[in-house]
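J.: This is the content of structure.cif (mmCIF, C-alpha atoms and all ligand atoms):
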```cif
data_data
#
loop_
_atom_site.label_atom_id
_atom_site.label_comp_id
_atom_site.auth_asym_id
_atom_site.auth_seq_id
_atom_site.Cartn_x
_atom_site.Cartn_y
_atom_site.Cartn_z
CA MET R 1 20.46 17.92 13.61
CA SER R 2 17.77 18.99 16.04
CA THR R 3 17.16 17.55 19.49
CA PHE R 4 14.45 15.35 18.03
CA LYS R 5 14.47 12.23 15.95
CA ALA R 6 11.72 10.32 14.17
CA PRO R 7 10.03 8.01 16.72
CA LYS R 8 11.29 4.44 17.01
CA GLY R 9 10.05 2.22 14.22
CA THR R 10 9.31 5.15 11.88
CA TYR R 11 11.24 6.89 9.17
CA ASP R 12 10.85 10.02 7.10
CA LEU R 13 10.31 10.00 3.38
CA ILE R 14 12.55 12.61 1.85
CA PRO R 15 13.46 13.65 -1.68
CA PRO R 16 14.71 12.26 -3.93
CA GLN R 17 13.78 8.77 -2.59
CA SER R 18 10.26 9.89 -1.73
CA ALA R 19 9.52 10.17 -5.46
CA ALA R 20 9.80 6.40 -5.84
CA PHE R 21 7.45 5.94 -2.89
CA LEU R 22 4.83 8.17 -4.51
CA ALA R 23 5.27 6.37 -7.82
CA VAL R 24 4.67 3.01 -6.13
CA ARG R 25 1.47 4.30 -4.57
CA GLU R 26 0.31 5.53 -7.94
CA ALA R 27 1.26 2.31 -9.71
CA ILE R 28 -0.81 0.28 -7.27
CA ALA R 29 -3.75 2.66 -7.53
CA ALA R 30 -3.73 2.90 -11.33
CA PRO R 31 -5.23 -0.53 -12.16
CA LEU R 32 -7.88 -0.01 -9.46
CA ARG R 33 -8.85 3.40 -10.81
CA SER R 34 -9.37 1.93 -14.24
CA SER R 35 -11.39 -1.02 -12.93
CA GLY R 36 -14.29 0.80 -11.34
CA TYR R 37 -12.88 1.40 -7.85
CA GLY R 38 -13.72 4.79 -6.34
CA TYR R 39 -11.43 6.59 -3.93
CA ILE R 40 -12.31 6.56 -0.24
CA GLU R 41 -10.57 8.24 2.67
CA THR R 42 -11.40 7.55 6.29
CA PRO R 43 -10.00 9.03 9.53
CA GLY R 44 -6.62 7.95 10.86
CA PHE R 45 -8.31 6.81 14.06
CA GLU R 46 -11.49 4.93 14.87
CA SER R 47 -13.20 3.58 17.94
CA VAL R 48 -11.19 0.74 19.54
CA GLU R 49 -14.32 -1.37 19.47
CA LEU R 50 -14.47 -1.34 15.66
CA PHE R 51 -11.09 -3.08 15.43
CA ALA R 52 -11.74 -5.35 18.41
CA ARG R 53 -14.92 -6.62 16.79
CA GLY R 54 -13.77 -6.43 13.21
CA VAL R 55 -10.14 -7.52 13.17
CA GLY R 56 -10.65 -9.87 16.12
CA GLU R 57 -10.33 -9.79 19.88
CA SER R 58 -7.67 -12.51 19.93
CA THR R 59 -5.40 -11.30 17.11
CA ASP R 60 -1.93 -9.88 17.76
CA ILE R 61 -3.01 -6.73 15.97
CA VAL R 62 -5.71 -6.02 18.53
CA THR R 63 -4.17 -7.47 21.70
CA LYS R 64 -0.61 -6.21 21.31
CA GLU R 65 -0.18 -3.80 18.46
CA MET R 66 -2.82 -1.09 18.63
CA TYR R 67 -1.99 2.47 19.56
CA THR R 68 -4.94 3.32 21.75
CA LEU R 69 -5.84 6.55 23.44
CA THR R 70 -8.57 7.96 25.60
CA THR R 71 -9.80 11.36 24.50
CA LYS R 72 -10.52 14.18 26.92
CA GLY R 73 -14.16 13.35 26.34
CA GLY R 74 -13.60 9.75 27.42
CA SER R 75 -13.79 8.00 24.02
CA GLU R 76 -11.54 5.01 23.46
CA LEU R 77 -9.85 5.44 20.10
CA ALA R 78 -7.14 3.58 18.23
CA LEU R 79 -4.85 4.67 15.44
CA ARG R 80 -5.95 2.46 12.57
CA PRO R 81 -3.87 -0.73 12.32
CA GLU R 82 -5.46 -1.72 8.99
CA GLY R 83 -7.94 -0.43 6.44
CA THR R 84 -10.74 -2.90 5.86
CA ALA R 85 -12.77 -2.40 9.04
CA SER R 86 -12.73 1.39 8.61
CA VAL R 87 -13.68 1.27 4.93
CA LEU R 88 -16.57 -1.11 5.58
CA ARG R 89 -17.68 1.05 8.52
CA ALA R 90 -17.67 4.13 6.29
CA ALA R 91 -19.50 2.38 3.44
CA LEU R 92 -22.22 1.20 5.82
CA GLU R 93 -22.48 4.62 7.46
CA ALA R 94 -22.96 6.26 4.06
CA ASN R 95 -25.39 3.52 3.01
CA LEU R 96 -23.37 2.90 -0.13
CA HIS R 97 -24.68 -0.66 -0.17
CA LYS R 98 -28.25 0.59 -0.44
CA LEU R 99 -27.72 2.55 -3.63
CA GLY R 100 -28.51 -0.61 -5.59
CA ASN R 101 -25.14 -0.84 -7.20
CA LEU R 102 -23.34 -3.83 -5.77
CA PRO R 103 -20.52 -4.52 -5.39
CA VAL R 104 -19.40 -1.20 -3.99
CA LYS R 105 -15.79 -1.00 -5.16
CA LEU R 106 -13.46 1.28 -3.21
CA TRP R 107 -9.74 1.95 -3.06
CA TYR R 108 -7.72 3.80 -0.46
CA SER R 109 -4.19 4.86 0.37
CA GLY R 110 -2.83 5.94 3.70
CA SER R 111 -0.86 5.52 6.91
CA TYR R 112 -1.36 2.62 9.30
CA TYR R 113 0.03 2.10 12.77
CA ARG R 114 1.06 -1.03 14.63
CA TYR R 115 3.12 -1.22 17.78
CA GLU R 116 5.42 -3.95 16.48
CA ARG R 117 9.04 -4.82 17.15
CA PRO R 118 10.74 -2.74 14.46
CA GLN R 119 13.09 -4.34 11.95
CA LYS R 120 13.81 -3.94 8.27
CA GLY R 121 10.46 -3.99 6.50
CA ARG R 122 8.48 -3.84 9.73
CA TYR R 123 7.64 -0.42 11.00
CA ARG R 124 5.29 1.16 13.51
CA HIS R 125 4.05 3.57 10.90
CA PHE R 126 3.66 2.19 7.40
CA SER R 127 1.76 2.85 4.25
CA GLN R 128 -0.76 0.76 2.36
CA VAL R 129 -2.81 1.03 -0.76
CA GLY R 130 -5.91 -1.12 -0.50
CA ALA R 131 -9.03 -2.16 -2.37
CA GLU R 132 -12.36 -3.48 -1.15
CA ALA R 133 -15.26 -4.87 -3.19
CA ILE R 134 -18.27 -4.90 -0.91
CA GLY R 135 -21.56 -6.73 -1.22
CA ALA R 136 -21.07 -9.45 -3.84
CA GLU R 137 -20.25 -13.11 -3.72
CA ASP R 138 -18.73 -13.84 -7.09
CA PRO R 139 -15.48 -15.70 -7.71
CA ALA R 140 -14.73 -13.29 -10.57
CA LEU R 141 -14.46 -10.51 -7.99
CA ASP R 142 -11.87 -12.41 -5.96
CA ALA R 143 -10.03 -13.16 -9.21
CA GLU R 144 -10.24 -9.52 -10.31
CA LEU R 145 -8.50 -8.31 -7.17
CA ILE R 146 -5.71 -10.88 -7.40
CA ILE R 147 -5.19 -10.09 -11.08
CA LEU R 148 -5.11 -6.33 -10.41
CA ALA R 149 -2.49 -6.69 -7.67
CA ASP R 150 -0.40 -8.83 -10.00
CA GLN R 151 -0.80 -6.17 -12.69
CA ALA R 152 0.29 -3.43 -10.27
CA TYR R 153 3.45 -5.28 -9.21
CA ARG R 154 4.29 -6.15 -12.80
CA SER R 155 3.80 -2.56 -13.96
CA LEU R 156 6.56 -1.63 -11.52
CA GLY R 157 8.83 -4.24 -13.07
CA LEU R 158 8.69 -6.67 -10.15
CA ARG R 159 9.13 -10.33 -11.07
CA ASN R 160 10.34 -12.22 -7.98
CA PHE R 161 7.06 -12.28 -6.13
CA ARG R 162 4.75 -15.21 -5.60
CA ILE R 163 1.04 -15.42 -4.97
CA LEU R 164 -0.02 -17.83 -2.23
CA LEU R 165 -3.66 -18.88 -2.31
CA ASN R 166 -5.90 -20.72 0.11
CA SER R 167 -9.52 -21.04 1.14
CA LEU R 168 -10.50 -20.69 4.78
CA GLY R 169 -13.97 -22.13 4.28
CA ASP R 170 -17.19 -20.60 5.51
CA LYS R 171 -19.46 -20.79 8.52
CA GLU R 172 -20.59 -24.24 7.49
CA CYS R 173 -17.31 -26.07 7.04
CA ARG R 174 -14.87 -24.05 9.11
CA PRO R 175 -16.36 -25.07 12.50
CA VAL R 176 -15.96 -28.76 11.61
CA TYR R 177 -12.36 -28.18 10.67
CA ARG R 178 -11.81 -26.04 13.74
CA THR R 179 -12.84 -28.90 16.01
CA ALA R 180 -10.60 -31.37 14.18
CA LEU R 181 -7.68 -28.94 14.41
CA GLN R 182 -8.31 -28.33 18.11
CA ASP R 183 -8.26 -32.08 18.78
CA PHE R 184 -4.94 -32.32 16.97
CA LEU R 185 -3.40 -29.30 18.66
CA ARG R 186 -4.39 -30.44 22.16
CA GLY R 187 -2.13 -33.47 21.69
CA LEU R 188 0.96 -31.30 21.10
CA ASP R 189 3.59 -29.99 23.48
CA LEU R 190 2.82 -26.26 23.53
CA ASP R 191 3.31 -23.40 25.97
CA GLU R 192 0.42 -22.03 27.95
CA ASP R 193 -0.18 -18.99 25.75
CA THR R 194 -0.45 -21.15 22.68
CA ARG R 195 -2.73 -23.59 24.50
CA ARG R 196 -5.07 -20.74 25.27
CA ARG R 197 -5.01 -19.83 21.61
CA ILE R 198 -6.24 -23.34 20.75
CA ASP R 199 -9.52 -22.51 22.46
CA ILE R 200 -9.95 -19.00 21.14
CA ASN R 201 -8.47 -19.10 17.67
CA PRO R 202 -6.84 -22.42 16.72
CA LEU R 203 -6.17 -21.43 13.09
CA ARG R 204 -3.76 -18.79 14.31
CA VAL R 205 -1.58 -21.52 15.82
CA LEU R 206 -0.83 -22.67 12.26
CA ASP R 207 0.66 -19.23 11.68
CA ASP R 208 3.13 -19.59 14.59
CA LYS R 209 6.56 -18.78 13.22
CA ARG R 210 8.58 -20.72 15.83
CA ASP R 211 10.47 -23.76 14.56
CA ASP R 212 9.60 -26.06 17.46
CA VAL R 213 5.90 -25.31 16.88
CA GLN R 214 6.11 -25.67 13.11
CA LYS R 215 7.81 -29.07 13.48
CA GLN R 216 4.90 -30.36 15.51
CA LEU R 217 2.40 -29.04 13.00
CA VAL R 218 3.57 -31.31 10.19
CA GLY R 219 0.65 -33.72 10.41
CA ALA R 220 -2.00 -31.11 11.24
CA PRO R 221 -5.35 -31.46 9.47
CA LEU R 222 -5.72 -29.04 6.55
CA LEU R 223 -8.76 -26.96 5.74
CA VAL R 224 -8.72 -28.02 2.08
CA ASP R 225 -9.71 -31.49 3.20
CA TYR R 226 -12.72 -30.12 5.08
CA LEU R 227 -14.12 -27.59 2.59
CA CYS R 228 -17.85 -27.98 1.96
CA ASP R 229 -19.03 -28.43 -1.63
CA ALA R 230 -19.99 -24.77 -2.02
CA CYS R 231 -16.63 -23.52 -0.77
CA ARG R 232 -14.74 -26.02 -2.90
CA ALA R 233 -16.65 -25.05 -6.04
CA TYR R 234 -16.13 -21.37 -5.29
CA HIS R 235 -12.42 -21.86 -4.74
CA ASP R 236 -12.01 -23.92 -7.90
CA GLU R 237 -13.68 -21.18 -9.91
CA VAL R 238 -11.41 -18.49 -8.44
CA ARG R 239 -8.38 -20.61 -9.33
CA ALA R 240 -9.65 -21.28 -12.85
CA LEU R 241 -10.25 -17.57 -13.51
CA ILE R 242 -6.81 -16.56 -12.26
CA THR R 243 -5.18 -19.28 -14.29
CA ALA R 244 -7.09 -18.25 -17.41
CA ALA R 245 -5.73 -14.73 -16.90
CA GLY R 246 -2.20 -16.13 -17.04
CA VAL R 247 -1.51 -15.28 -13.40
CA VAL R 248 0.62 -17.89 -11.68
CA TYR R 249 -0.17 -18.75 -8.07
CA GLU R 250 0.71 -21.44 -5.55
CA ASP R 251 -1.79 -23.32 -3.45
CA ASP R 252 -0.77 -22.87 0.17
CA PRO R 253 -3.06 -24.96 2.37
CA ARG R 254 -1.38 -23.56 5.48
CA LEU R 255 -1.96 -19.91 4.69
CA VAL R 256 -3.97 -18.27 7.45
CA ARG R 257 -3.83 -14.54 7.82
CA GLY R 258 -3.41 -12.55 11.00
CA LEU R 259 -6.94 -11.18 10.94
CA ASP R 260 -10.03 -13.02 12.09
CA TYR R 261 -12.47 -11.76 9.52
CA TYR R 262 -11.38 -13.82 6.54
CA THR R 263 -13.59 -16.50 4.98
CA ARG R 264 -13.07 -18.54 1.82
CA THR R 265 -10.48 -16.96 -0.51
CA THR R 266 -7.31 -15.79 1.23
CA PHE R 267 -4.09 -14.84 -0.46
CA GLU R 268 -0.75 -13.31 0.20
CA PHE R 269 1.87 -11.80 -2.08
CA VAL R 270 5.37 -12.65 -0.95
CA HIS R 271 8.64 -11.38 -2.31
CA ASP R 272 11.66 -13.62 -2.16
CA GLY R 273 14.22 -10.84 -1.79
CA LEU R 274 12.95 -9.46 1.49
CA GLY R 275 14.11 -11.89 4.17
CA ALA R 276 11.85 -12.35 7.17
CA GLN R 277 9.30 -9.66 6.29
CA SER R 278 8.49 -11.20 2.93
CA ALA R 279 4.77 -10.42 2.69
CA VAL R 280 4.34 -7.42 0.41
CA GLY R 281 0.56 -7.64 0.39
CA GLY R 282 -2.38 -9.75 1.31
CA GLY R 283 -6.09 -10.04 1.42
CA GLY R 284 -9.10 -12.21 1.04
CA ARG R 285 -12.81 -12.59 1.37
CA TYR R 286 -14.56 -11.39 4.53
CA ASP R 287 -18.16 -12.45 4.17
CA GLY R 288 -18.97 -12.10 7.87
CA LEU R 289 -17.29 -8.81 8.73
CA SER R 290 -20.25 -6.55 8.03
CA GLU R 291 -22.44 -8.48 10.45
CA MET R 292 -19.61 -8.53 13.00
CA ILE R 293 -19.68 -4.73 13.09
CA GLY R 294 -23.46 -4.47 13.20
CA GLY R 295 -24.28 -4.25 9.49
CA PRO R 296 -26.33 -6.44 7.18
CA SER R 297 -24.95 -9.49 5.44
CA LEU R 298 -22.51 -8.16 2.82
CA PRO R 299 -20.09 -10.70 1.41
CA SER R 300 -16.95 -8.84 0.39
CA VAL R 301 -13.37 -9.25 -0.69
CA GLY R 302 -10.31 -6.99 -0.59
CA TRP R 303 -6.58 -6.60 -0.28
CA ALA R 304 -3.96 -4.24 1.05
CA LEU R 305 -0.50 -3.90 -0.43
CA GLY R 306 2.33 -2.48 1.66
CA VAL R 307 4.00 0.48 -0.02
CA ASP R 308 7.13 0.40 2.18
CA ARG R 309 7.82 -3.25 1.41
CA THR R 310 7.05 -2.81 -2.28
CA VAL R 311 9.76 -0.13 -2.38
CA LEU R 312 12.13 -2.56 -0.63
CA ALA R 313 11.18 -5.24 -3.17
CA LEU R 314 12.14 -2.88 -5.99
CA GLU R 315 15.52 -2.32 -4.33
CA ALA R 316 15.94 -6.07 -3.87
CA GLU R 317 15.39 -6.61 -7.59
CA GLY R 318 17.67 -3.71 -8.48
CA ILE R 319 14.85 -1.84 -10.17
CA THR R 320 15.15 1.94 -10.49
CA LEU R 321 11.87 3.46 -11.59
CA GLU R 322 12.19 5.75 -14.56
CA LEU R 323 10.60 8.86 -13.19
CA PRO R 324 10.35 11.97 -15.34
CA PRO R 325 12.19 14.90 -13.74
CA ALA R 326 9.87 17.08 -11.71
CA THR R 327 11.18 20.28 -13.32
CA SER R 328 11.26 21.00 -17.07
CA VAL R 329 12.59 24.55 -17.10
CA PHE R 330 15.00 26.22 -14.70
CA ALA R 331 15.42 30.00 -14.76
CA VAL R 332 18.68 31.67 -13.82
CA PRO R 333 18.57 35.48 -13.48
CA LEU R 334 21.77 37.49 -13.35
CA GLY R 335 21.00 40.76 -11.60
CA GLU R 336 18.03 42.56 -10.11
CA GLU R 337 16.11 43.39 -13.24
CA ALA R 338 16.54 39.89 -14.64
CA ARG R 339 15.20 38.51 -11.36
CA ARG R 340 11.91 40.34 -11.82
CA VAL R 341 11.62 39.51 -15.51
CA LEU R 342 12.46 35.80 -15.20
CA PHE R 343 10.34 35.38 -12.11
CA ALA R 344 7.40 36.59 -14.22
CA THR R 345 8.41 34.15 -16.97
CA VAL R 346 8.48 31.25 -14.50
CA THR R 347 5.07 32.22 -13.14
CA GLU R 348 3.64 32.31 -16.66
CA LEU R 349 5.20 28.94 -17.52
CA ARG R 350 3.69 27.38 -14.41
CA ARG R 351 0.27 28.82 -15.14
CA LYS R 352 0.47 27.31 -18.59
CA GLY R 353 1.29 23.91 -17.17
CA VAL R 354 5.07 23.82 -17.61
CA ALA R 355 6.96 22.62 -14.53
CA ALA R 356 9.44 25.39 -13.82
CA ASP R 357 11.78 26.41 -11.04
CA PHE R 358 13.90 29.44 -10.30
CA SER R 359 17.32 30.23 -8.88
CA TYR R 360 16.59 32.06 -5.65
CA GLY R 361 18.94 33.96 -3.40
CA GLY R 362 20.77 36.03 -6.03
CA ARG R 363 23.43 33.39 -6.63
CA GLY R 364 26.19 33.56 -9.23
CA LEU R 365 25.96 31.82 -12.60
CA LYS R 366 28.11 28.84 -11.63
CA SER R 367 26.24 27.80 -8.50
CA ALA R 368 22.88 28.55 -10.15
CA MET R 369 23.77 26.27 -13.07
CA LYS R 370 24.57 23.53 -10.57
CA SER R 371 21.03 23.79 -9.22
CA ALA R 372 19.69 23.78 -12.77
CA ASN R 373 21.56 20.54 -13.40
CA ARG R 374 20.39 18.96 -10.19
CA SER R 375 16.76 19.87 -10.93
CA GLY R 376 16.82 17.61 -13.97
CA ALA R 377 15.33 20.42 -16.09
CA ARG R 378 15.62 19.90 -19.83
CA TYR R 379 15.97 23.65 -20.51
CA THR R 380 17.58 26.52 -18.68
CA VAL R 381 16.68 30.13 -19.28
CA VAL R 382 19.49 32.54 -18.38
CA ALA R 383 19.25 36.31 -18.63
CA GLY R 384 21.60 39.14 -17.70
CA GLU R 385 21.40 42.89 -18.17
CA ARG R 386 22.81 42.83 -21.67
CA ASP R 387 20.32 40.19 -22.80
CA LEU R 388 17.41 42.18 -21.44
CA ALA R 389 18.66 45.34 -23.14
CA GLU R 390 18.37 43.39 -26.41
CA GLY R 391 14.99 41.95 -25.44
CA VAL R 392 16.26 38.35 -25.38
CA VAL R 393 17.04 35.51 -22.97
CA GLN R 394 19.52 32.66 -23.44
CA LEU R 395 17.80 29.33 -23.84
CA LYS R 396 20.04 26.36 -23.09
CA ASP R 397 19.22 22.78 -23.99
CA MET R 398 20.69 20.87 -21.05
CA GLU R 399 20.85 17.64 -23.02
CA SER R 400 22.77 18.87 -26.07
CA GLY R 401 24.45 21.79 -24.31
CA GLU R 402 23.40 24.07 -27.17
CA GLN R 403 22.40 27.62 -26.39
CA GLU R 404 20.53 30.23 -28.42
CA ALA R 405 19.13 33.71 -27.87
CA VAL R 406 15.33 33.81 -27.92
CA ALA R 407 13.12 36.90 -27.83
CA LEU R 408 11.82 37.36 -24.28
CA ASP R 409 8.21 37.68 -25.41
CA ALA R 410 8.46 34.44 -27.40
CA VAL R 411 10.25 32.23 -24.88
CA VAL R 412 7.17 30.84 -23.10
CA ASP R 413 5.54 29.68 -26.31
CA LYS R 414 8.83 28.37 -27.61
CA LEU R 415 9.39 26.30 -24.46
CA ARG R 416 5.85 24.97 -24.56
CA SER R 417 6.26 23.74 -28.10
CA LEU R 418 9.73 22.33 -27.42
CA LEU R 419 8.38 20.37 -24.43
CA ALA R 420 5.13 19.28 -26.05
P1 LIG R 501 -1.70 -7.18 6.73
O1 LIG R 501 -2.92 -6.40 6.95
O2 LIG R 501 -0.96 -7.48 7.99
O3 LIG R 501 -1.86 -8.37 5.86
O4 LIG R 501 -0.75 -6.21 5.93
C1 LIG R 501 -0.84 -6.02 4.54
C2 LIG R 501 0.50 -5.52 4.04
O5 LIG R 501 0.86 -4.33 4.72
C3 LIG R 501 1.65 -6.47 4.36
O6 LIG R 501 1.77 -7.44 3.36
C4 LIG R 501 2.82 -5.53 4.38
O7 LIG R 501 3.29 -5.26 3.08
C5 LIG R 501 2.23 -4.28 4.96
N1 LIG R 501 2.52 -4.20 6.40
C6 LIG R 501 1.81 -4.71 7.42
N2 LIG R 501 2.38 -4.43 8.60
C7 LIG R 501 3.49 -3.71 8.32
C8 LIG R 501 4.53 -3.11 9.11
N3 LIG R 501 4.52 -3.17 10.43
N4 LIG R 501 5.52 -2.45 8.47
C9 LIG R 501 5.54 -2.35 7.12
N5 LIG R 501 4.60 -2.89 6.33
C10 LIG R 501 3.59 -3.56 6.92
#
```
Would you kindly transcribe this structure into structure tokens?
T.:
Amino acid sequence: MSTFKAPKGTYDLIPPQSAAFLAVREAIAAPLRSSGYGYIETPGFESVELFARGVGESTDIVTKEMYTLTTKGGSELALRPEGTASVLRAALEANLHKLGNLPVKLWYSGSYYRYERPQKGRYRHFSQVGAEAIGAEDPALDAELIILADQAYRSLGLRNFRILLNSLGDKECRPVYRTALQDFLRGLDLDEDTRRRIDINPLRVLDDKRDDVQKQLVGAPLLVDYLCDACRAYHDEVRALITAAGVVYEDDPRLVRGLDYYTRTTFEFVHDGLGAQSAVGGGGRYDGLSEMIGGPSLPSVGWALGVDRTVLALEAEGITLELPPATSVFAVPLGEEARRVLFATVTELRRKGVAADFSYGGRGLKSAMKSANRSGARYTVVAGERDLAEGVVQLKDMESGEQEAVALDAVVDKLRSLLA
């Protein structure tokens, strides 16, 4: 061990477990890729102001959890705590919305940073795959995203997750509800911090996890009862489309998410095997965000799924992903000349698209065969001086244990056809 350890609240992804992590990322991305979403990558940091305005001045994410820094040039930057604000910023900057092809559908994958109290499933550095559909107000788009997330989880074999769905209304009906909620909340016995929150962001009080607060919230007015006709019709259509797709969801009239930019459709994916940190993903519609960060009106919807927690959900369900071994052929040279010859064979295999690895360090047959086994390779190629004198190598099928001599100049083609 060195003097250093991974910083608090972070962990390293190392083989072989890291393979499952990569596979989860790919499984989430796959349905997006085949549904018209293009890949976008934005910087790991942005101006603090983008998140303050976008995510919301009064959210925990902005007030408590951002890693901020001042550059030598005096700019105030923050490590990105989430993806949506950055992706929308980038889309606006590149004028993607002006190319006449709305919605602009984008997907991303990357690292996010929040200064949170670490615990299982909650880290200071975590990984998300996300999707945003920018510039269209169409319930089918909201439904598409929910269906694609469901498809991604199912493709991994996950079953014990639930989809919670709510509508947060729009700029017409939300203010009416907000006032009603504020009136209700002001009558409760709450600490000073929470009282302040009533003025700034009363919906967030509903999200308070403390028991004594939750008990008092039992009779709180619900947004569903205040939705305007347009929001209700929109929400009903989203629900109908999801239902028609055979995706099961639960109405959760108390679902508010920790980000200020959501309007109308909001949803969360929770997994029942994860304890306190049960949200594996979440998202919703953010019709006002573009204007909040200085852009034109661009109604949009998106989600982000947590890769770390999806991996934990797989563990909780006892699912081991069936990943093909990374290496197909492992070469074991015995002696100097064999080292040169087999190294050339491995290089040729790789160039022809066969995943191959080599026993380095001039090790003996026994320890080299151990590495061959561990690599998961289906075939091992072994050659010693006598083999080379005869112009052959020994080709071993690691599954059957059978071994045969194959002409050196034929072995690459033979392996390619065996593996095809
Ligand atoms: P949020 O933007 O907070 O809704 O986050 C979306 C998803 O990212 C969550 O459902 C989690 O799966 C994941 N996530 C958020 N914060 C963390 C964290 N601190 N550690 C691990 N995963 C996280």
J.: Atom CA of R:Gln277 and atom CA of R:Arg154 are how many Å apart?
T.: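 The value is 20.0 Å.
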J.: Have a look at atom CA of R:Val55 and atom CA of R:Ala85 and let me know their distance in Å, one decimal.
T.: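 Interatomic distance, atom CA of R:Val55 to atom CA of R:Ala85: 7.1 Å.
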J.: Collect all residues with atoms no farther than 9 Å from ligand LIG 501 (chain R), counting only C-alpha atoms and all ligand atoms, and output them as an NGL selection string.
T.: :R and (9 or 61 or 81-84 or 112-130 or 257-259 or 268-270 or 277-283 or 303-310)
J.: Choose the residue, out of R:Ala326, R:Leu79, R:Leu168, R:Leu102, that has the smallest atom-to-atom separation from R:Thr263; count all atoms listed in the file.
T.: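 Closest to R:Thr263, using all atoms listed in the file: R:Leu168.
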J.: When you count only C-alpha atoms, which of these residues is closest to R:Arg339: R:Ala90, R:Ala140, R:Leu255, R:Val381?
T.: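 For R:Arg339, the nearest of the candidates is R:Val381.
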J.: In Å, how far is it from atom CA of R:Asp236 to atom CA of R:Leu106?
T.: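 For atom CA of R:Asp236 relative to atom CA of R:Leu106, the distance reads 25.7 Å.
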J.: For R:Val301, which residue out of R:Thr59, R:Gly376, R:Ala136, R:Val411 is the nearest one, using all atoms listed in the file?
T.: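 Result for the nearest residue to R:Val301: R:Ala136.
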J.: Might you pull out every residue within 7 Å of stretch 40-43 of chain R, with all atoms listed in the file counted and same-chain residues fewer than 4 positions away left off, and present them as a CSV table (one decimal) with C-alpha atoms, in the coordinates of the input?
T.:
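Printed below is out-v2.csv as written:
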```csv
chain,number,residue,atom,x,y,z
R,86,SER,CA,-12.7,1.4,8.6
R,87,VAL,CA,-13.7,1.3,4.9
R,106,LEU,CA,-13.5,1.3,-3.2
R,107,TRP,CA,-9.7,2.0,-3.1
R,108,TYR,CA,-7.7,3.8,-0.5
```
J.: Got a sec: who's within 10 Å of R:Asp183, counting all atoms listed in the file, leaving out chain neighbours fewer than 5 positions off, as a list in words?
T.: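 Counting all atoms listed in the file, the residues come to Tyr177, Arg178, Leu188, Ile198, Pro202, Ala220 and Pro221 of chain R.
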J.: Generate the coordinates of N, CA, C and O atoms for stretch 309-318 of chain R; report them as a compact mmCIF listing (two decimals), in the coordinates of the input.
T.:
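The resulting result_26.txt:
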```txt
# COMPACT_ATOMS: atom_id res chain seq x y z
N ARG R 309 7.17 -1.98 1.82
CA ARG R 309 7.82 -3.25 1.41
C ARG R 309 7.88 -3.38 -0.11
O ARG R 309 8.79 -4.04 -0.62
N THR R 310 6.97 -2.78 -0.82
CA THR R 310 7.05 -2.81 -2.28
C THR R 310 8.28 -2.02 -2.73
O THR R 310 9.00 -2.44 -3.65
N VAL R 311 8.55 -0.90 -2.06
CA VAL R 311 9.76 -0.13 -2.38
C VAL R 311 11.00 -0.97 -2.08
O VAL R 311 11.95 -1.02 -2.88
N LEU R 312 11.00 -1.69 -0.95
CA LEU R 312 12.13 -2.56 -0.63
C LEU R 312 12.28 -3.68 -1.66
O LEU R 312 13.39 -4.09 -2.00
N ALA R 313 11.14 -4.17 -2.15
CA ALA R 313 11.18 -5.24 -3.17
C ALA R 313 11.82 -4.72 -4.46
O ALA R 313 12.59 -5.43 -5.11
N LEU R 314 11.52 -3.48 -4.81
CA LEU R 314 12.14 -2.88 -5.99
C LEU R 314 13.66 -2.82 -5.80
O LEU R 314 14.42 -3.19 -6.69
N GLU R 315 14.08 -2.38 -4.62
CA GLU R 315 15.52 -2.32 -4.33
C GLU R 315 16.13 -3.72 -4.43
O GLU R 315 17.20 -3.90 -5.01
N ALA R 316 15.42 -4.70 -3.87
CA ALA R 316 15.94 -6.07 -3.87
C ALA R 316 16.12 -6.60 -5.29
O ALA R 316 17.02 -7.39 -5.56
N GLU R 317 15.26 -6.17 -6.20
CA GLU R 317 15.39 -6.61 -7.59
C GLU R 317 16.26 -5.67 -8.42
O GLU R 317 16.37 -5.83 -9.64
N GLY R 318 16.81 -4.66 -7.76
CA GLY R 318 17.67 -3.71 -8.48
C GLY R 318 16.93 -2.86 -9.49
O GLY R 318 17.49 -2.45 -10.50
```
